[in-house]
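Below is one structure; the comments refer to it alone.
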Amino acid sequence: MDAFLHQVLAGLATGGIYASLALALVMIYQATHLVNFAQGEMAMFATYFAWSLINAGVPYWPAFFLTVIFAFVLGVVIERVIIRPVENAPVLAVVVVFIALLVILNSVTGWIYSYTIKTFPSPFPAEPIFGKYMSAHEAGAIGVTIVVLLALYAFFRFTPLGLAMRAAAQNPDSARLVGIRVGWMLALGWGLAAAIGGVAGMMVAPIVYLDPNMMGGILLYAFAAALVGGIDSPGGAVLGGFMVGVLENVLGAFVIGNELKLAVALVLIIGVLTVKPSGFFGKVFVTRV
Amino acid sequence: MAALLEVAKLHAAYGPTRVLHGIGLSMEQGTITTLLGANGAGKTTTLRALCGMVKTQGEVRFEGGRIDAKATEDIVRLGIAHVPDGRGTFVNLSTEENLRLGAYVRKDRGNIDADLERVFGYFPRLKERRTQQAGTLSGGEQQMLAVSRALMLRPKLMLLDEPSFGLAPLIVKELFGILRTVNQKERVSMLVVEQNAAMALELADHAYVIETGRVVLSGTAADIKRDDNVRRAYLGY
């Protein structure tokens, strides 16, 4: 029972990271109806930036916030410079751009930092808490995730800018007619998604260690989480993230073994797409014409 | 007095298909002007051209300044509110969120709550529907919402694209009555595109008749109403 509880709690910690990345995917998806395959590599790149800062002697939390800002700017610049010219291109062309971005970020990071695995510090103490069920880092990661998610929810729900971003994603023509600069809202969305990814990267790096390929598997779990929750539902993506995290950990520990863990994500993806493509929380809207 | 809106030799095209062939019109501050014409005459395109939603050639002046090269988002900031064809409802947002978006570009954020009450005064039904998802409102309610969203801008000029479309006659009457009130009380100028020529001429001070992208007739609403050709073609008696 102890072991089981331990696995569930550890699953919640990684689940929070999947949830963040899944939310980043959903944010881009809502505005563009495309899945940004480079989301994980953008997060990885931001995490390396944090590593550089920390290595240069910057204390953890200042480095953390500088990295969030760096990731935000990176996201905005990528949207403005790379994505915007292909805005109206066919879907496959954009997908190719996303994949190219993935490969380029991965290779550039490897070129700058080498492919050797590095350790990444955690800001939380090393001792376990909650009666040894959970490491302090896992608890801290859950806390950070929840703070990020709540801040984001408040931003979209209660601020005029958040409302304008939702409007721009839903109905760009009408949004322009009330004066919203739709192009900038998209760029802002990319920036926010990249910033969330950066936080996820910094939270997962102490667990999986830092290397240019660290986000590959995590992006798959995040994708599974987004699909389970419903690719157009931010709340669903978050719940899906925690569900996938727990499921993957428990199944990996007790049923199928750690080697087959990633298959859980793939099975989930195929299962959801065949049985319930809208996911568990994908909203069905009634529209009159 | 300089005209509020002045359009000269306005051309517009969708790709290779030319729709407007040199439209010219002029509007005084505080008046209601209507654009009449058959389907495909270019009425909707004229409105879309005025707020930068289609590529145009020619000159559009608003309060004396050129706006024909401006982006839609910037034209809104000058105080031109467009109630588009199809109403442009943000269907997944609540009624109140739709209305707040109408005031998005306003700097005087403190007055927005008061303005919500102001439009609820015109359309009490929307107040009852305040938290409801806008896509679930009836057609008439969505049209009221579209007009209200435009009013939230506190516009100088409203462009209304077929406000009567798909509405029951009684609701059309109510809506046009409110437009008249808004025009008189708030001095909001309006450019109304309509298929329902009888209602539009009742409401408007001036009228233009458009055929295949050209103005073929213009004058005061009263004169146009008496014109034999208009009577036969648009009023049906």
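By order in the structure tokens, chains are A, B, ...; within a chain, residues start at 1; ligands start at 1, following the order shown.
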
Chain A near chain B within 6 Å: what's each residue's closest atom pair and its distance in Å to one decimal, counting only C-alpha atoms, ordered by chain then ascending residue number, as a Markdown table?
```
| residue | atom | partner | partner_atom | distance |
| --- | --- | --- | --- | --- |
| A:Ser174 | CA | B:Gly88 | CA | 5.3 |
| A:Arg176 | CA | B:Glu73 | CA | 5.4 |
| A:Val178 | CA | B:Gly102 | CA | 5.4 |
| A:Gly179 | CA | B:Glu73 | CA | 4.1 |
| A:Thr287 | CA | B:Gly135 | CA | 4.8 |
```

Resulting file, chosen residues, C-alpha atoms, as a PDB file, in the first residue's frame:
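Contents of the output file selection.pdb:
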```pdb
ATOM      1  CA  SER A 174     -15.101  39.676 -35.068  1.00  0.00           C
ATOM      2  CA  ARG A 176     -10.619  42.652 -35.403  1.00  0.00           C
ATOM      3  CA  VAL A 178     -13.808  45.279 -31.873  1.00  0.00           C
ATOM      4  CA  GLY A 179     -10.214  46.449 -32.322  1.00  0.00           C
ATOM      5  CA  THR A 287     -24.692  27.169 -31.857  1.00  0.00           C
TER       6      THR A 287
END
```

- [ ] Write out as an MDAnalysis selection string each polymer residue whose atoms come within 7 Å of Leu191 (chain B), counting only C-alpha atoms; drop sequence neighbours fewer than 5 positions from it.
- [x] chainID B and resid 32:34 158:160

Task: DSSP-assigned strand (DSSP E or B) members of region 79-228 of chain A, reported as a PyMOL selection string - done: chain A and resi 118+128-129+134-135+210

Write a file of the just-selected residues containing N, CA and C atoms, as a short mmCIF file (atom, residue, chain, number, x, y, z; two decimals), in the first residue's frame.
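Writing done, so here's part.cif:
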```
data_model
loop_
_atom_site.label_atom_id
_atom_site.label_comp_id
_atom_site.auth_asym_id
_atom_site.auth_seq_id
_atom_site.Cartn_x
_atom_site.Cartn_y
_atom_site.Cartn_z
N LYS A 118 23.45 16.40 -18.16
CA LYS A 118 23.86 17.27 -17.06
C LYS A 118 22.84 17.17 -15.93
N PRO A 128 12.77 13.84 2.03
CA PRO A 128 11.38 13.52 1.70
C PRO A 128 10.45 14.16 2.71
N ILE A 129 9.21 14.45 2.25
CA ILE A 129 8.21 14.96 3.19
C ILE A 129 6.98 14.07 3.11
N MET A 134 6.92 11.17 -0.55
CA MET A 134 7.12 12.10 -1.64
C MET A 134 8.38 12.90 -1.38
N SER A 135 9.17 13.12 -2.42
CA SER A 135 10.34 13.98 -2.23
C SER A 135 9.87 15.43 -2.19
N LEU A 210 19.25 16.80 -17.48
CA LEU A 210 19.20 17.73 -18.60
C LEU A 210 19.93 17.14 -19.80
#
```

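Using only C-alpha atoms, the shortest contact distance between Asp232 (chain A) and any of A:Ile269, A:Val26, A:Ala187, A:Ile54 is found at A:Val26.
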
Open item on the list: Among region 38-216 of chain B, which ones does DSSP assign to alpha helix (DSSP H) (computed from the backbone)? Answer as a PyMOL selection string.
Closed with: chain B and resi 43-50+72-77+95-102+112-122+124-128+139-151+169-186+197-203

Open item on the list: Quick one: residues within 8 Å of region 172-182 of chain B, only C-alpha atoms, excluding same-chain residues fewer than 4 positions away - as a list of chain:residue names?
Closed with: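 Result of the neighbour search: B:Tyr122, B:Met144, B:Pro163, B:Ser164, B:Leu167, B:Ala168, B:Glu186, B:Arg187, B:Val188, B:Met199, B:Leu203.
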